[in-house]
file entry02.pdb (PDB, C-alpha atoms)
ATOM      1  CA  MET A   4     -22.300 -56.220 157.244
ATOM      2  CA  ALA A   5     -21.242 -53.884 154.430
ATOM      3  CA  ASP A   6     -24.623 -52.174 154.707
ATOM      4  CA  ASN A   7     -23.954 -51.313 158.327
ATOM      5  CA  ASP A   8     -20.588 -49.783 157.476
ATOM      6  CA  ASP A   9     -22.052 -47.831 154.563
ATOM      7  CA  LEU A  10     -24.908 -46.558 156.708
ATOM      8  CA  ARG A  11     -22.623 -45.473 159.518
ATOM      9  CA  ALA A  12     -20.391 -43.724 156.978
ATOM     10  CA  GLN A  13     -23.317 -41.930 155.383
ATOM     11  CA  ASN A  14     -24.647 -40.931 158.811
ATOM     12  CA  LEU A  15     -21.216 -39.554 159.704
ATOM     13  CA  ALA A  16     -21.057 -37.720 156.360
ATOM     14  CA  PHE A  17     -24.258 -35.919 157.341
ATOM     15  CA  TYR A  18     -22.734 -34.555 160.549
ATOM     16  CA  GLN A  19     -19.428 -33.778 158.838
ATOM     17  CA  ALA A  20     -21.288 -31.749 156.198
ATOM     18  CA  PHE A  21     -23.087 -29.919 159.009
ATOM     19  CA  GLU A  22     -19.846 -29.175 160.887
ATOM     20  CA  ALA A  23     -18.165 -28.021 157.665
ATOM     21  CA  LYS A  24     -21.263 -25.993 156.696
ATOM     22  CA  ASP A  25     -20.742 -27.538 153.254
ATOM     23  CA  LEU A  26     -23.976 -27.349 151.291
ATOM     24  CA  ASP A  27     -22.669 -29.504 148.404
ATOM     25  CA  ALA A  28     -21.634 -32.236 150.803
ATOM     26  CA  MET A  29     -24.990 -31.946 152.580
ATOM     27  CA  ALA A  30     -26.825 -32.203 149.259
ATOM     28  CA  SER A  31     -24.956 -35.379 148.373
ATOM     29  CA  VAL A  32     -26.066 -37.035 151.629
ATOM     30  CA  TRP A  33     -29.776 -36.538 150.986
ATOM     31  CA  GLY A  34     -31.968 -38.682 148.751
ATOM     32  CA  GLU A  35     -32.485 -37.735 145.132
ATOM     33  CA  GLU A  36     -34.719 -40.600 143.982
ATOM     34  CA  SER A  37     -36.909 -40.530 147.079
ATOM     35  CA  PRO A  38     -38.876 -37.641 148.541
ATOM     36  CA  VAL A  39     -37.188 -36.293 151.655
ATOM     37  CA  SER A  40     -38.202 -34.403 154.769
ATOM     38  CA  CYS A  41     -36.608 -32.838 157.822
ATOM     39  CA  VAL A  42     -37.575 -31.799 161.336
ATOM     40  CA  HIS A  43     -35.174 -29.293 162.878
ATOM     41  CA  PRO A  44     -35.687 -28.734 166.626
ATOM     42  CA  GLY A  45     -38.397 -26.122 167.082
ATOM     43  CA  TRP A  46     -39.156 -25.803 163.369
ATOM     44  CA  ASP A  47     -42.230 -26.911 161.510
ATOM     45  CA  PRO A  48     -41.539 -30.014 159.415
ATOM     46  CA  ILE A  49     -40.012 -29.412 155.992
ATOM     47  CA  VAL A  50     -40.913 -31.638 153.043
ATOM     48  CA  GLY A  51     -39.149 -31.745 149.673
ATOM     49  CA  ARG A  52     -35.500 -31.762 148.636
ATOM     50  CA  ASP A  53     -35.340 -28.095 147.616
ATOM     51  CA  ALA A  54     -36.974 -26.907 150.839
ATOM     52  CA  VAL A  55     -34.795 -29.171 152.955
ATOM     53  CA  LEU A  56     -31.595 -27.935 151.300
ATOM     54  CA  GLU A  57     -32.759 -24.329 151.653
ATOM     55  CA  SER A  58     -33.228 -24.947 155.372
ATOM     56  CA  TRP A  59     -29.642 -26.179 155.629
ATOM     57  CA  GLU A  60     -28.392 -23.147 153.760
ATOM     58  CA  ALA A  61     -30.235 -20.897 156.240
ATOM     59  CA  ILE A  62     -28.845 -22.836 159.192
ATOM     60  CA  PHE A  63     -25.293 -22.705 157.818
ATOM     61  CA  LEU A  64     -25.585 -18.935 157.282
ATOM     62  CA  GLY A  65     -26.671 -18.480 160.887
ATOM     63  CA  THR A  66     -23.994 -20.725 162.353
ATOM     64  CA  ARG A  67     -20.471 -19.490 163.020
ATOM     65  CA  ALA A  68     -19.224 -22.896 164.178
ATOM     66  CA  ILE A  69     -20.763 -26.156 165.282
ATOM     67  CA  SER A  70     -19.446 -29.480 166.466
ATOM     68  CA  PHE A  71     -21.184 -32.726 167.332
ATOM     69  CA  THR A  72     -20.446 -35.520 169.715
ATOM     70  CA  LEU A  73     -22.598 -38.501 168.752
ATOM     71  CA  ARG A  74     -23.628 -40.992 171.416
ATOM     72  CA  ASN A  75     -25.774 -44.081 171.900
ATOM     73  CA  ALA A  76     -26.320 -44.785 168.207
ATOM     74  CA  HIS A  77     -28.763 -47.590 167.409
ATOM     75  CA  LEU A  78     -28.755 -48.797 163.801
ATOM     76  CA  VAL A  79     -31.760 -50.717 162.462
ATOM     77  CA  VAL A  80     -31.621 -52.174 158.932
ATOM     78  CA  SER A  81     -34.666 -53.628 157.194
ATOM     79  CA  GLY A  82     -34.075 -54.497 153.543
ATOM     80  CA  ASP A  83     -33.710 -51.296 151.554
ATOM     81  CA  ALA A  84     -34.675 -49.102 154.519
ATOM     82  CA  ALA A  85     -32.662 -48.272 157.609
ATOM     83  CA  TRP A  86     -32.666 -45.826 160.450
ATOM     84  CA  ILE A  87     -30.247 -44.642 163.095
ATOM     85  CA  ILE A  88     -31.391 -43.301 166.450
ATOM     86  CA  LEU A  89     -28.766 -41.325 168.328
ATOM     87  CA  VAL A  90     -28.017 -38.538 170.752
ATOM     88  CA  GLU A  91     -26.421 -35.433 169.229
ATOM     89  CA  GLU A  92     -24.411 -33.389 171.704
ATOM     90  CA  ILE A  93     -24.114 -29.984 170.091
ATOM     91  CA  ASP A  94     -21.664 -27.200 170.779
ATOM     92  CA  ALA A  95     -22.494 -24.277 168.522
ATOM     93  CA  ALA A  96     -21.739 -20.596 168.110
ATOM     94  CA  HIS A  97     -24.372 -18.663 166.219
ATOM     95  CA  GLU A  98     -23.571 -15.689 164.019
ATOM     96  CA  ASP A  99     -25.464 -13.470 166.486
ATOM     97  CA  GLY A 100     -22.910 -14.418 169.146
ATOM     98  CA  GLU A 101     -25.110 -16.856 171.050
ATOM     99  CA  ARG A 102     -23.345 -19.979 172.319
ATOM    100  CA  VAL A 103     -25.520 -23.075 172.427
ATOM    101  CA  ARG A 104     -24.708 -26.343 174.113
ATOM    102  CA  ALA A 105     -27.547 -28.819 173.874
ATOM    103  CA  ALA A 106     -28.395 -32.453 173.446
ATOM    104  CA  THR A 107     -30.911 -33.587 170.887
ATOM    105  CA  LEU A 108     -32.307 -37.017 170.181
ATOM    106  CA  ALA A 109     -32.432 -37.734 166.475
ATOM    107  CA  THR A 110     -33.783 -40.306 164.057
ATOM    108  CA  ASN A 111     -32.101 -40.436 160.660
ATOM    109  CA  VAL A 112     -33.960 -42.541 158.072
ATOM    110  CA  PHE A 113     -32.087 -43.874 155.038
ATOM    111  CA  LEU A 114     -33.286 -45.599 151.865
ATOM    112  CA  ARG A 115     -31.156 -47.493 149.379
ATOM    113  CA  GLU A 116     -30.970 -45.564 146.116
ATOM    114  CA  THR A 117     -29.119 -46.402 142.896
ATOM    115  CA  THR A 118     -26.013 -44.690 144.237
ATOM    116  CA  GLY A 119     -26.231 -46.168 147.713
ATOM    117  CA  TRP A 120     -27.839 -45.277 151.021
ATOM    118  CA  ARG A 121     -29.256 -41.773 151.162
ATOM    119  CA  LEU A 122     -30.777 -39.797 154.015
ATOM    120  CA  VAL A 123     -34.503 -39.291 153.419
ATOM    121  CA  HIS A 124     -35.715 -38.028 156.809
ATOM    122  CA  HIS A 125     -34.005 -36.331 159.742
ATOM    123  CA  HIS A 126     -35.964 -35.718 162.936
ATOM    124  CA  ALA A 127     -34.085 -33.972 165.734
ATOM    125  CA  GLY A 128     -35.840 -32.969 168.913
ATOM    126  CA  PRO A 129     -34.850 -31.797 172.369
ATOM    127  CA  ALA A 130     -33.533 -34.614 174.542
ATOM    128  CA  VAL A 131     -35.228 -32.953 177.506
ATOM    129  CA  SER A 132     -35.012 -35.676 180.054
ATOM    130  CA  VAL A 133     -33.126 -38.504 178.437
ATOM    131  CA  PRO A 134     -31.341 -40.111 181.394
ATOM    132  CA  THR A 135     -27.801 -40.114 180.039
ATOM    133  CA  ALA A 136     -25.206 -39.044 182.572
ATOM    134  CA  ARG A 137     -22.118 -37.453 181.093
ATOM    135  CA  PRO A 138     -18.726 -37.184 182.746
ATOM    136  CA  SER A 139     -18.930 -33.420 182.245
ATOM    137  CA  ASP A 140     -22.156 -33.371 184.296
ATOM    138  CA  ARG A 141     -20.307 -34.854 187.228
ATOM    139  CA  ALA A 142     -17.473 -32.374 186.839
ATOM    140  CA  LEU A 143     -19.909 -29.594 187.642
ATOM    141  CA  ASN A 144     -20.772 -31.025 191.068
TER     142      ASN A 144
ATOM    143  CA  MET B  14     -53.703 -43.315 146.322
ATOM    144  CA  ALA B  15     -54.741 -46.516 148.110
ATOM    145  CA  ASP B  16     -51.368 -46.520 149.862
ATOM    146  CA  ASN B  17     -52.044 -43.097 151.317
ATOM    147  CA  ASP B  18     -55.416 -44.200 152.662
ATOM    148  CA  ASP B  19     -53.946 -47.404 154.087
ATOM    149  CA  LEU B  20     -51.110 -45.499 155.721
ATOM    150  CA  ARG B  21     -53.402 -42.909 157.252
ATOM    151  CA  ALA B  22     -55.634 -45.720 158.541
ATOM    152  CA  GLN B  23     -52.697 -47.589 160.065
ATOM    153  CA  ASN B  24     -51.396 -44.379 161.622
ATOM    154  CA  LEU B  25     -54.822 -43.747 163.118
ATOM    155  CA  ALA B  26     -54.983 -47.341 164.354
ATOM    156  CA  PHE B  27     -51.796 -46.669 166.313
ATOM    157  CA  TYR B  28     -53.332 -43.741 168.193
ATOM    158  CA  GLN B  29     -56.637 -45.570 168.652
ATOM    159  CA  ALA B  30     -54.777 -48.511 170.220
ATOM    160  CA  PHE B  31     -52.989 -46.039 172.499
ATOM    161  CA  GLU B  32     -56.233 -44.319 173.537
ATOM    162  CA  ALA B  33     -57.917 -47.697 174.127
ATOM    163  CA  LYS B  34     -54.820 -48.988 175.975
ATOM    164  CA  ASP B  35     -55.340 -52.116 173.862
ATOM    165  CA  LEU B  36     -52.089 -54.084 173.730
ATOM    166  CA  ASP B  37     -53.364 -56.567 171.126
ATOM    167  CA  ALA B  38     -54.405 -53.735 168.828
ATOM    168  CA  MET B  39     -51.059 -52.028 169.426
ATOM    169  CA  ALA B  40     -49.205 -55.267 168.621
ATOM    170  CA  SER B  41     -51.064 -55.593 165.326
ATOM    171  CA  VAL B  42     -49.972 -52.105 164.246
ATOM    172  CA  TRP B  43     -46.252 -52.813 164.654
ATOM    173  CA  GLY B  44     -44.044 -54.646 162.174
ATOM    174  CA  GLU B  45     -43.509 -58.361 162.503
ATOM    175  CA  GLU B  46     -41.268 -59.020 159.484
ATOM    176  CA  SER B  47     -39.087 -55.957 160.089
ATOM    177  CA  PRO B  48     -37.138 -55.002 163.186
ATOM    178  CA  VAL B  49     -38.835 -52.165 165.042
ATOM    179  CA  SER B  50     -37.842 -49.392 167.439
ATOM    180  CA  CYS B  51     -39.461 -46.663 169.471
ATOM    181  CA  VAL B  52     -38.506 -43.362 171.099
ATOM    182  CA  HIS B  53     -40.923 -42.267 173.811
ATOM    183  CA  PRO B  54     -40.430 -38.676 175.007
ATOM    184  CA  GLY B  55     -37.737 -38.653 177.667
ATOM    185  CA  TRP B  56     -36.952 -42.357 177.359
ATOM    186  CA  ASP B  57     -33.868 -43.997 175.963
ATOM    187  CA  PRO B  58     -34.538 -45.541 172.537
ATOM    188  CA  ILE B  59     -36.058 -49.024 172.561
ATOM    189  CA  VAL B  60     -35.142 -51.553 169.884
ATOM    190  CA  GLY B  61     -36.889 -54.875 169.205
ATOM    191  CA  ARG B  62     -40.533 -55.910 168.997
ATOM    192  CA  ASP B  63     -40.701 -57.540 172.435
ATOM    193  CA  ALA B  64     -39.072 -54.554 174.151
ATOM    194  CA  VAL B  65     -41.263 -52.090 172.269
ATOM    195  CA  LEU B  66     -44.464 -53.935 173.196
ATOM    196  CA  GLU B  67     -43.307 -54.205 176.811
ATOM    197  CA  SER B  68     -42.860 -50.433 176.824
ATOM    198  CA  TRP B  69     -46.438 -49.974 175.639
ATOM    199  CA  GLU B  70     -47.691 -52.346 178.317
ATOM    200  CA  ALA B  71     -45.866 -50.279 180.954
ATOM    201  CA  ILE B  72     -47.264 -47.035 179.546
ATOM    202  CA  PHE B  73     -50.807 -48.428 179.421
ATOM    203  CA  LEU B  74     -50.531 -49.584 183.045
ATOM    204  CA  GLY B  75     -49.457 -46.104 184.133
ATOM    205  CA  THR B  76     -52.130 -44.291 182.141
ATOM    206  CA  ARG B  77     -55.668 -43.840 183.443
ATOM    207  CA  ALA B  78     -56.909 -42.130 180.294
ATOM    208  CA  ILE B  79     -55.351 -40.489 177.267
ATOM    209  CA  SER B  80     -56.660 -38.766 174.188
ATOM    210  CA  PHE B  81     -54.925 -37.375 171.140
ATOM    211  CA  THR B  82     -55.654 -34.557 168.769
ATOM    212  CA  LEU B  83     -53.501 -34.999 165.675
ATOM    213  CA  ARG B  84     -52.472 -31.952 163.654
ATOM    214  CA  ASN B  85     -50.310 -30.936 160.716
ATOM    215  CA  ALA B  86     -49.751 -34.466 159.394
ATOM    216  CA  HIS B  87     -47.284 -34.768 156.507
ATOM    217  CA  LEU B  88     -47.280 -38.105 154.721
ATOM    218  CA  VAL B  89     -44.269 -39.095 152.611
ATOM    219  CA  VAL B  90     -44.383 -42.330 150.590
ATOM    220  CA  SER B  91     -41.324 -43.786 148.864
ATOM    221  CA  GLY B  92     -41.898 -47.254 147.404
ATOM    222  CA  ASP B  93     -42.274 -49.751 150.228
ATOM    223  CA  ALA B  94     -41.333 -47.191 152.881
ATOM    224  CA  ALA B  95     -43.354 -44.296 154.212
ATOM    225  CA  TRP B  96     -43.363 -41.898 157.107
ATOM    226  CA  ILE B  97     -45.795 -39.505 158.704
ATOM    227  CA  ILE B  98     -44.677 -36.409 160.591
ATOM    228  CA  LEU B  99     -47.326 -34.908 162.844
ATOM    229  CA  VAL B 100     -48.090 -32.996 166.001
ATOM    230  CA  GLU B 101     -49.699 -35.020 168.787
ATOM    231  CA  GLU B 102     -51.703 -32.936 171.230
ATOM    232  CA  ILE B 103     -52.006 -35.086 174.310
ATOM    233  CA  ASP B 104     -54.470 -34.883 177.159
ATOM    234  CA  ALA B 105     -53.642 -37.601 179.672
ATOM    235  CA  ALA B 106     -54.419 -38.623 183.228
ATOM    236  CA  HIS B 107     -51.773 -40.803 184.813
ATOM    237  CA  GLU B 108     -52.561 -43.476 187.375
ATOM    238  CA  ASP B 109     -50.704 -41.392 189.988
ATOM    239  CA  GLY B 110     -53.262 -38.631 189.474
ATOM    240  CA  GLU B 111     -51.068 -36.317 187.407
ATOM    241  CA  ARG B 112     -52.820 -34.556 184.534
ATOM    242  CA  VAL B 113     -50.636 -33.923 181.508
ATOM    243  CA  ARG B 114     -51.431 -31.717 178.565
ATOM    244  CA  ALA B 115     -48.599 -31.534 176.098
ATOM    245  CA  ALA B 116     -47.735 -31.353 172.456
ATOM    246  CA  THR B 117     -45.216 -33.675 170.904
ATOM    247  CA  LEU B 118     -43.803 -33.788 167.422
ATOM    248  CA  ALA B 119     -43.656 -37.331 166.084
ATOM    249  CA  THR B 120     -42.284 -39.262 163.148
ATOM    250  CA  ASN B 121     -43.963 -42.603 162.431
ATOM    251  CA  VAL B 122     -42.085 -44.792 159.945
ATOM    252  CA  PHE B 123     -43.939 -47.573 158.108
ATOM    253  CA  LEU B 124     -42.721 -50.397 155.882
ATOM    254  CA  ARG B 125     -44.837 -52.548 153.585
ATOM    255  CA  GLU B 126     -45.014 -56.080 154.935
ATOM    256  CA  THR B 127     -46.856 -59.127 153.564
ATOM    257  CA  THR B 128     -49.974 -58.102 155.478
ATOM    258  CA  GLY B 129     -49.746 -54.417 154.589
ATOM    259  CA  TRP B 130     -48.173 -51.306 156.040
ATOM    260  CA  ARG B 131     -46.752 -51.762 159.505
ATOM    261  CA  LEU B 132     -45.259 -49.265 161.952
ATOM    262  CA  VAL B 133     -41.534 -49.920 162.368
ATOM    263  CA  HIS B 134     -40.326 -46.792 164.183
ATOM    264  CA  HIS B 135     -42.061 -44.188 166.335
ATOM    265  CA  HIS B 136     -40.123 -41.133 167.497
ATOM    266  CA  ALA B 137     -42.016 -38.687 169.672
ATOM    267  CA  GLY B 138     -40.283 -35.716 171.219
ATOM    268  CA  PRO B 139     -41.279 -32.501 172.946
ATOM    269  CA  ALA B 140     -42.590 -29.886 170.525
ATOM    270  CA  VAL B 141     -40.911 -27.264 172.666
ATOM    271  CA  SER B 142     -41.116 -24.275 170.433
ATOM    272  CA  VAL B 143     -43.040 -25.424 167.401
ATOM    273  CA  PRO B 144     -44.912 -22.279 166.389
ATOM    274  CA  THR B 145     -48.426 -23.687 166.323
ATOM    275  CA  ALA B 146     -50.951 -21.430 167.969
ATOM    276  CA  ARG B 147     -53.992 -23.172 169.380
ATOM    277  CA  PRO B 148     -57.360 -21.568 170.106
ATOM    278  CA  SER B 149     -56.997 -22.756 173.701
ATOM    279  CA  ASP B 150     -53.744 -20.807 174.017
ATOM    280  CA  ARG B 151     -55.560 -17.611 173.136
ATOM    281  CA  ALA B 152     -58.323 -18.362 175.590
ATOM    282  CA  LEU B 153     -55.782 -18.089 178.394
ATOM    283  CA  ASN B 154     -54.887 -14.481 177.540
TER     284      ASN B 154
END

call {"tool": "encode", "arguments": {"input": "entry02.pdb", "output": "structure tokens"}}
result
Amino acid sequence: MADNDDLRAQNLAFYQAFEAKDLDAMASVWGEESPVSCVHPGWDPIVGRDAVLESWEAIFLGTRAISFTLRNAHLVVSGDAAWIILVEEIDAAHEDGERVRAATLATNVFLRETTGWRLVHHHAGPAVSVPTARPSDRALN
Amino acid sequence: MADNDDLRAQNLAFYQAFEAKDLDAMASVWGEESPVSCVHPGWDPIVGRDAVLESWEAIFLGTRAISFTLRNAHLVVSGDAAWIILVEEIDAAHEDGERVRAATLATNVFLRETTGWRLVHHHAGPAVSVPTARPSDRALN
């Protein structure tokens, strides 16, 4: 199950690059041999490696700090393609001072390239009514 | 560009099966050689062909009528994998009498199987703040 380990590691590298606001690390996660695309919550879809990396640069510039708690990850592997579905619990501070705590449901699609598994599509959307009780929800009652 | 035509046709077949509430047609759209998964808006992710088809059966039973207007489709093809990102404008009547008009942003992932392109992952989420003005929005002002 080396593929599974590699995919989980690459998926984690994506969120670590996001938390570190490290554009080089983010660039190394994304596909270079395959076309790539990205859906940020509330944005129009972005297609193409340059445009996707520019979107990350803009997000990093607007983000003072961000951390993720990842939950309920489902990994599906099919030959040289794979995808992970997971809940992203986000705790972020924007540069304009806004504090955002939110949950998004994401699909991360990976393809096997010469150098290994690379992210080729990220789709994150609001997890509006995903029925996932959290301990912290109970603490508020 | 035969692949592009085939992919657009298979993507359309998915929505036509949904509108017709035709479980056999829906089953023929989804992958049989690859594992499959599905994210319905507000549901927990579903993994596995049987579970995915059961979810469609449940949705069809709860839906009196549904129609889709598809907008802003982006098709990305990478070898034997492909995905389409698009906005689904939904006009639905549930069996409980509720009328739902909503827009969702979806990613449909396809893999090439022996019989052609098959849907292997559908992720639809609320298009909460996607900036896509519709003529009908203006008509309300």

call {"tool": "atom_distance", "arguments": {"input": "entry02.pdb", "atom1": "CA of Thr127 in chain B", "atom2": "CA of His126 in chain A"}}
result
27.5 Å

call {"tool": "interface_residues", "arguments": {"input": "entry02.pdb", "of": "chain A", "to": "chain B", "cutoff": "9 Å", "atoms": "all atoms listed in the file", "output": "MDAnalysis selection string"}}
result
chainID A and resid 36:40 42 44:48 50 75 77 79:84 86 88:89 108:110 112 114 124 126:135

call {"tool": "closest_residue", "arguments": {"input": "entry02.pdb", "among": "A:Ser31, A:Thr72, A:Asn14, A:Thr66", "to": "Thr118 in chain A", "atoms": "only C-alpha atoms"}}
result
A:Ser31

call {"tool": "residues_near_point", "arguments": {"input": "entry02.pdb", "point": "(-30.9, -33.0, 150.2)", "cutoff": "8 Å", "atoms": "only C-alpha atoms", "output": "MDAnalysis selection string"}}
result
chainID A and resid 29:35 39 52:53 55:56 122:123

call {"tool": "atom_distance", "arguments": {"input": "entry02.pdb", "atom1": "CA of Asp8 in chain A", "atom2": "CA of Glu91 in chain A"}}
result
19.4 Å

call {"tool": "residues_around", "arguments": {"input": "entry02.pdb", "residues": "Ala105 in chain A", "least_positions_apart": "6", "cutoff": "7 Å", "atoms": "all atoms listed in the file", "output": "number ranges by chain"}}
result
A: 92-94

call {"tool": "closest_residue", "arguments": {"input": "entry02.pdb", "among": "B:Ala106, B:Ala116, B:Phe31, B:Leu36", "to": "Arg84 in chain B", "atoms": "only C-alpha atoms"}}
result
B:Ala116

call {"tool": "atom_distance", "arguments": {"input": "entry02.pdb", "atom1": "CA of Leu10 in chain A", "atom2": "CA of Trp120 in chain A"}}
result
6.5 Å

call {"tool": "resolve_selection", "arguments": {"input": "entry02.pdb", "expression": "the PyMOL selection byres ((chain A and resi 68) around 12)", "output": "CSV table (one decimal) with C-alpha atoms, keeping the file's coordinate frame"}}
result
chain,number,residue,atom,x,y,z
A,21,PHE,CA,-23.1,-29.9,159.0
A,22,GLU,CA,-19.8,-29.2,160.9
A,23,ALA,CA,-18.2,-28.0,157.7
A,24,LYS,CA,-21.3,-26.0,156.7
A,25,ASP,CA,-20.7,-27.5,153.3
A,62,ILE,CA,-28.8,-22.8,159.2
A,63,PHE,CA,-25.3,-22.7,157.8
A,64,LEU,CA,-25.6,-18.9,157.3
A,65,GLY,CA,-26.7,-18.5,160.9
A,66,THR,CA,-24.0,-20.7,162.4
A,67,ARG,CA,-20.5,-19.5,163.0
A,69,ILE,CA,-20.8,-26.2,165.3
A,70,SER,CA,-19.4,-29.5,166.5
A,71,PHE,CA,-21.2,-32.7,167.3
A,93,ILE,CA,-24.1,-30.0,170.1
A,94,ASP,CA,-21.7,-27.2,170.8
A,95,ALA,CA,-22.5,-24.3,168.5
A,96,ALA,CA,-21.7,-20.6,168.1
A,97,HIS,CA,-24.4,-18.7,166.2
A,98,GLU,CA,-23.6,-15.7,164.0
A,99,ASP,CA,-25.5,-13.5,166.5
A,100,GLY,CA,-22.9,-14.4,169.1
A,101,GLU,CA,-25.1,-16.9,171.0
A,102,ARG,CA,-23.3,-20.0,172.3
A,103,VAL,CA,-25.5,-23.1,172.4
A,104,ARG,CA,-24.7,-26.3,174.1

call {"tool": "axis_aligned_box", "arguments": {"input": "entry02.pdb", "around": "range 91-110 of chain A", "padding_each_side": "6 Å", "output": "JSON"}}
result
{"center_x": -27.7, "center_y": -26.9, "center_z": 169.1, "size_x": 24.1, "size_y": 38.8, "size_z": 22.1}
